[in-house]
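S.K.: Sending over a structure as structure tokens; questions will come in a sec.
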Amino acid sequence: MQEFTLLLFRQVFKYASIPQCRAAILSATAKEVPGVLLTRVPCSTFKAPGWRDSWWVELPPEQCPDKPKGALVLLYLHGGGWVCGDPLMYRPTFKTWMQRLAEQGIHMRIFAVGYPLAPEQRFPGGLLGAVAAYDWLVQQLGGSECIVLVHRRYLPTPLNLALLEHPLVSPIFMAGFEGLVRPGGELLVVAGGSEGMTRDITRFVKHAKAVSPGVRLRYHVEPDEPHCWCVLGMPHLIAKGLPVLLPFFVQAAAAK
């Protein structure tokens with residue numbers, strides 16, 4: 001059934017209109033997830049047009065470590081090619097990550113961003129929204145917790161394929177990556193072996209290693225899996241992603 005769902009969504013994203021894509025995602029991810037606390041950050045927090053509500057996602061206090069040995073905030077920028085998707089579409093995955101980290105004494109919170117979508121807000125509205133969310137989060141935390149950025153931006157839409165060579169969008173134009181990683185940390189890049197963007201992701205990894213040889217970078221390609229496989233709310237994919245992501249989260253929480 002899960003493989004059929006993946007196949008169905010591939011066809012939706014390939015042939016459907018933007019409203020149809022948005023409706024399909026909403027219908028597949030709108031179910032309530034018990035045991036997760038949600039705190040709304042209203043769209044008016046970010047004084048720019050097109051913002052949707054953002055959300056803090058946390059475990060109930062009784063499930064959090066009493067004396068955490070580490071803490072981190074995950075800044076989550078949902079996928080959907082800048083045109084669709086929802087900040088809370090992967091709540092089952094968020095819950096699993098937070099629970100498994102709590103078992104290891106790590107307190108994770110997730111800030112899921114409702115950045116502006118196209119075509120209502122044209123490029124670079126979504127990208128500037130992501131920057132605004134990061135700046136706001138840094139101001140809120142005051143350096144008290146490590147911020148981990150998870151961004152799964154692309155669908156193979158004409159817009160994204162065209163923007164791959166735009167210097168404001170593609171990280172292939174970045175001169176260096178040292179400012180993204182704390183001392184002792186690493187940059188983790190995850191891809192699916194069957195997704196259409198693997199070649200471009202590999203190109204980015206080679207560029208990052210060339211311009212920032214001092215940054216520790218780990219690149220994981222999961223054979224035969226689709227785009228964003230490790231965050232899809234399917235139990236077998238969540239389980240497959242845990243050995244890849246959990247050590248990275250634990251290490252990030254410990255980095256100073």
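Each chain of the structure tokens is named A, B, ... in the order shown, its residues numbered from 1; ligands are numbered from 1 in display order.
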Which residues, written as a PDB file with N, CA, C and O atoms, in the first residue's frame, have at least one atom at most 10 Å from A:Gln121, with only C-alpha atoms counted and residues fewer than 5 positions away on the same chain left out?

M.R.:
```pdb
ATOM      1  N   PRO A  49       4.124  39.736   2.925  1.00  0.00           N
ATOM      2  CA  PRO A  49       2.933  39.098   2.367  1.00  0.00           C
ATOM      3  C   PRO A  49       3.142  37.610   2.093  1.00  0.00           C
ATOM      4  O   PRO A  49       4.257  37.171   1.819  1.00  0.00           O
ATOM      5  N   GLY A  50       2.041  36.877   2.186  1.00  0.00           N
ATOM      6  CA  GLY A  50       2.062  35.477   1.788  1.00  0.00           C
ATOM      7  C   GLY A  50       2.410  34.474   2.865  1.00  0.00           C
ATOM      8  O   GLY A  50       2.325  33.266   2.640  1.00  0.00           O
ATOM      9  N   TRP A  51       2.806  34.947   4.044  1.00  0.00           N
ATOM     10  CA  TRP A  51       3.177  34.016   5.102  1.00  0.00           C
ATOM     11  C   TRP A  51       1.968  33.221   5.580  1.00  0.00           C
ATOM     12  O   TRP A  51       0.859  33.743   5.689  1.00  0.00           O
ATOM     13  N   TRP A  82       8.512  24.993  -3.524  1.00  0.00           N
ATOM     14  CA  TRP A  82       8.156  26.391  -3.256  1.00  0.00           C
ATOM     15  C   TRP A  82       6.703  26.714  -3.621  1.00  0.00           C
ATOM     16  O   TRP A  82       6.281  27.861  -3.502  1.00  0.00           O
ATOM     17  N   VAL A  83       5.923  25.735  -4.075  1.00  0.00           N
ATOM     18  CA  VAL A  83       4.563  26.022  -4.528  1.00  0.00           C
ATOM     19  C   VAL A  83       3.486  25.280  -3.731  1.00  0.00           C
ATOM     20  O   VAL A  83       2.308  25.635  -3.801  1.00  0.00           O
ATOM     21  N   TYR A 115       6.565  29.428   5.255  1.00  0.00           N
ATOM     22  CA  TYR A 115       7.081  30.466   4.360  1.00  0.00           C
ATOM     23  C   TYR A 115       6.114  30.717   3.189  1.00  0.00           C
ATOM     24  O   TYR A 115       5.280  29.879   2.862  1.00  0.00           O
ATOM     25  N   PRO A 116       6.211  31.857   2.518  1.00  0.00           N
ATOM     26  CA  PRO A 116       5.306  32.167   1.407  1.00  0.00           C
ATOM     27  C   PRO A 116       5.483  31.206   0.234  1.00  0.00           C
ATOM     28  O   PRO A 116       6.599  30.755  -0.051  1.00  0.00           O
ATOM     29  N   GLY A 126       9.631  32.830  -1.248  1.00  0.00           N
ATOM     30  CA  GLY A 126       9.840  31.696  -0.341  1.00  0.00           C
ATOM     31  C   GLY A 126      11.240  31.653   0.219  1.00  0.00           C
ATOM     32  O   GLY A 126      11.453  31.374   1.410  1.00  0.00           O
TER      33      GLY A 126
END
```

S.K.: So that I can see what lies close to stretch 211-223 of chain A, please list as a PyMOL selection string the residues with an atom at most 10 Å from it, counting only C-alpha atoms and leaving out residues fewer than 5 positions away in the same chain.

M.R.: chain A and resi 174-195+198+201-202+205-206+229-230+240-241+244+248

S.K.: Identify which of the residues A:Gln251, A:Gln63, A:Gln140, A:Thr93 lies closest to A:Thr29, counting only C-alpha atoms when measuring atom-to-atom distances.

M.R.: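 Closest to A:Thr29, using only C-alpha atoms: A:Thr93.
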
S.K.: Could you pull out the helix (DSSP H, G or I) residues of stretch 39-229 of chain A from DSSP and send them as JSON, numbers by chain?

M.R.: {"A": [43, 44, 45, 61, 62, 63, 91, 92, 93, 94, 95, 96, 97, 98, 99, 100, 101, 102, 103, 125, 126, 127, 128, 129, 130, 131, 132, 133, 134, 135, 136, 137, 138, 139, 140, 141, 158, 159, 160, 161, 162, 163, 171, 172, 173, 178, 179, 180, 198, 199, 200, 201, 202, 203, 204, 205, 206, 207, 208, 209, 210, 211]}

S.K.: Distance atom CA of A:Met108-atom CA of A:Leu59, one decimal place?

M.R.: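 Calculated distance between atom CA of A:Met108 and atom CA of A:Leu59 is 8.5 Å.
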
S.K.: Please list as an mmCIF file with N, CA and C atoms, in the first residue's frame every residue within 12 Å of A:Ala30, counting only C-alpha atoms and excluding residues in the same chain fewer than 3 positions away.

M.R.:
```
data_model
loop_
_atom_site.group_PDB
_atom_site.id
_atom_site.type_symbol
_atom_site.label_atom_id
_atom_site.label_comp_id
_atom_site.auth_asym_id
_atom_site.auth_seq_id
_atom_site.Cartn_x
_atom_site.Cartn_y
_atom_site.Cartn_z
ATOM 1 N N ARG A 22 -1.644 20.688 -3.953
ATOM 2 C CA ARG A 22 -1.862 21.129 -2.572
ATOM 3 C C ARG A 22 -2.962 20.307 -1.912
ATOM 4 N N ALA A 23 -4.037 20.052 -2.639
ATOM 5 C CA ALA A 23 -5.142 19.273 -2.077
ATOM 6 C C ALA A 23 -4.713 17.842 -1.791
ATOM 7 N N ALA A 24 -3.906 17.264 -2.664
ATOM 8 C CA ALA A 24 -3.455 15.889 -2.467
ATOM 9 C C ALA A 24 -2.577 15.768 -1.224
ATOM 10 N N ILE A 25 -1.674 16.723 -1.041
ATOM 11 C CA ILE A 25 -0.814 16.698 0.139
ATOM 12 C C ILE A 25 -1.635 16.869 1.408
ATOM 13 N N LEU A 26 -2.577 17.797 1.386
ATOM 14 C CA LEU A 26 -3.407 18.039 2.564
ATOM 15 C C LEU A 26 -4.224 16.809 2.931
ATOM 16 N N SER A 27 -4.797 16.141 1.937
ATOM 17 C CA SER A 27 -5.621 14.969 2.219
ATOM 18 C C SER A 27 -4.805 13.814 2.781
ATOM 19 N N VAL A 33 -2.027 13.737 15.044
ATOM 20 C CA VAL A 33 -0.998 12.852 15.586
ATOM 21 C C VAL A 33 -1.003 13.020 17.098
ATOM 22 N N GLY A 85 2.736 22.134 -0.229
ATOM 23 C CA GLY A 85 3.253 21.557 1.006
ATOM 24 C C GLY A 85 2.758 22.304 2.223
ATOM 25 N N ASP A 86 3.030 21.738 3.384
ATOM 26 C CA ASP A 86 2.514 22.287 4.639
ATOM 27 C C ASP A 86 3.558 22.095 5.736
ATOM 28 N N PRO A 87 3.692 23.040 6.658
ATOM 29 C CA PRO A 87 4.701 22.899 7.715
ATOM 30 C C PRO A 87 4.530 21.644 8.567
ATOM 31 N N LEU A 88 3.286 21.165 8.724
ATOM 32 C CA LEU A 88 3.021 20.045 9.630
ATOM 33 C C LEU A 88 2.785 18.731 8.897
ATOM 34 N N MET A 89 3.175 18.637 7.652
ATOM 35 C CA MET A 89 2.832 17.457 6.869
ATOM 36 C C MET A 89 3.580 16.196 7.298
ATOM 37 N N TYR A 90 4.656 16.345 8.081
ATOM 38 C CA TYR A 90 5.408 15.168 8.507
ATOM 39 C C TYR A 90 5.441 15.024 10.023
ATOM 40 N N ARG A 91 4.321 15.281 10.657
ATOM 41 C CA ARG A 91 4.261 15.149 12.112
ATOM 42 C C ARG A 91 4.617 13.751 12.623
ATOM 43 N N PRO A 92 4.185 12.653 11.972
ATOM 44 C CA PRO A 92 4.610 11.335 12.472
ATOM 45 C C PRO A 92 6.129 11.169 12.493
ATOM 46 N N GLY A 233 6.174 10.142 5.966
ATOM 47 C CA GLY A 233 5.551 9.574 7.163
ATOM 48 C C GLY A 233 5.128 8.132 7.005
#
```

S.K.: Given the choices A:Ile238, A:Ile147, A:Ile110, A:Ala71, which gets closest to A:Thr39 if the distance is worked out from only C-alpha atoms?

M.R.: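 Of A:Ile238, A:Ile147, A:Ile110, A:Ala71, the one nearest A:Thr39, counting only C-alpha atoms, is A:Ile110.
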
S.K.: Of the candidates A:Ala118, A:Leu72, A:Met98, A:Val138, which shows the shortest atom-to-atom distance to A:Ala254, using only C-alpha atoms?

M.R.: A:Leu72

S.K.: Just to confirm, what's the straight-line distance from atom CA of A:Lys47 to atom CA of A:Ala132 in Å (one decimal)?

M.R.: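 Atom CA of A:Ala132 lies 9.6 Å from atom CA of A:Lys47.
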
S.K.: Run DSSP on the backbone and grab whatever in stretch 71-114 of chain A lands in strand (DSSP E); send it over as a PyMOL selection string.

M.R.: chain A and resi 71-77+106-112

S.K.: Point out the residue among A:Leu137, A:Ala112, A:Leu101, A:Leu237 with the least atom-to-atom distance to A:Phe249, counting only C-alpha atoms.

M.R.: A:Leu101

S.K.: Between A:Thr96, A:Thr45, A:Ser54, A:Gln20, which residue has the minimum interatomic distance to A:Met234, considering only C-alpha atoms?

M.R.: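 Between A:Thr96, A:Thr45, A:Ser54, A:Gln20, the residue approaching A:Met234 most closely is A:Thr96.
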
S.K.: What does the distance from atom CA of A:Ser44 to atom CA of A:Lys95 come to in Å, to one decimal?

M.R.: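 Going from atom CA of A:Ser44 over to atom CA of A:Lys95, I get 26.7 Å.
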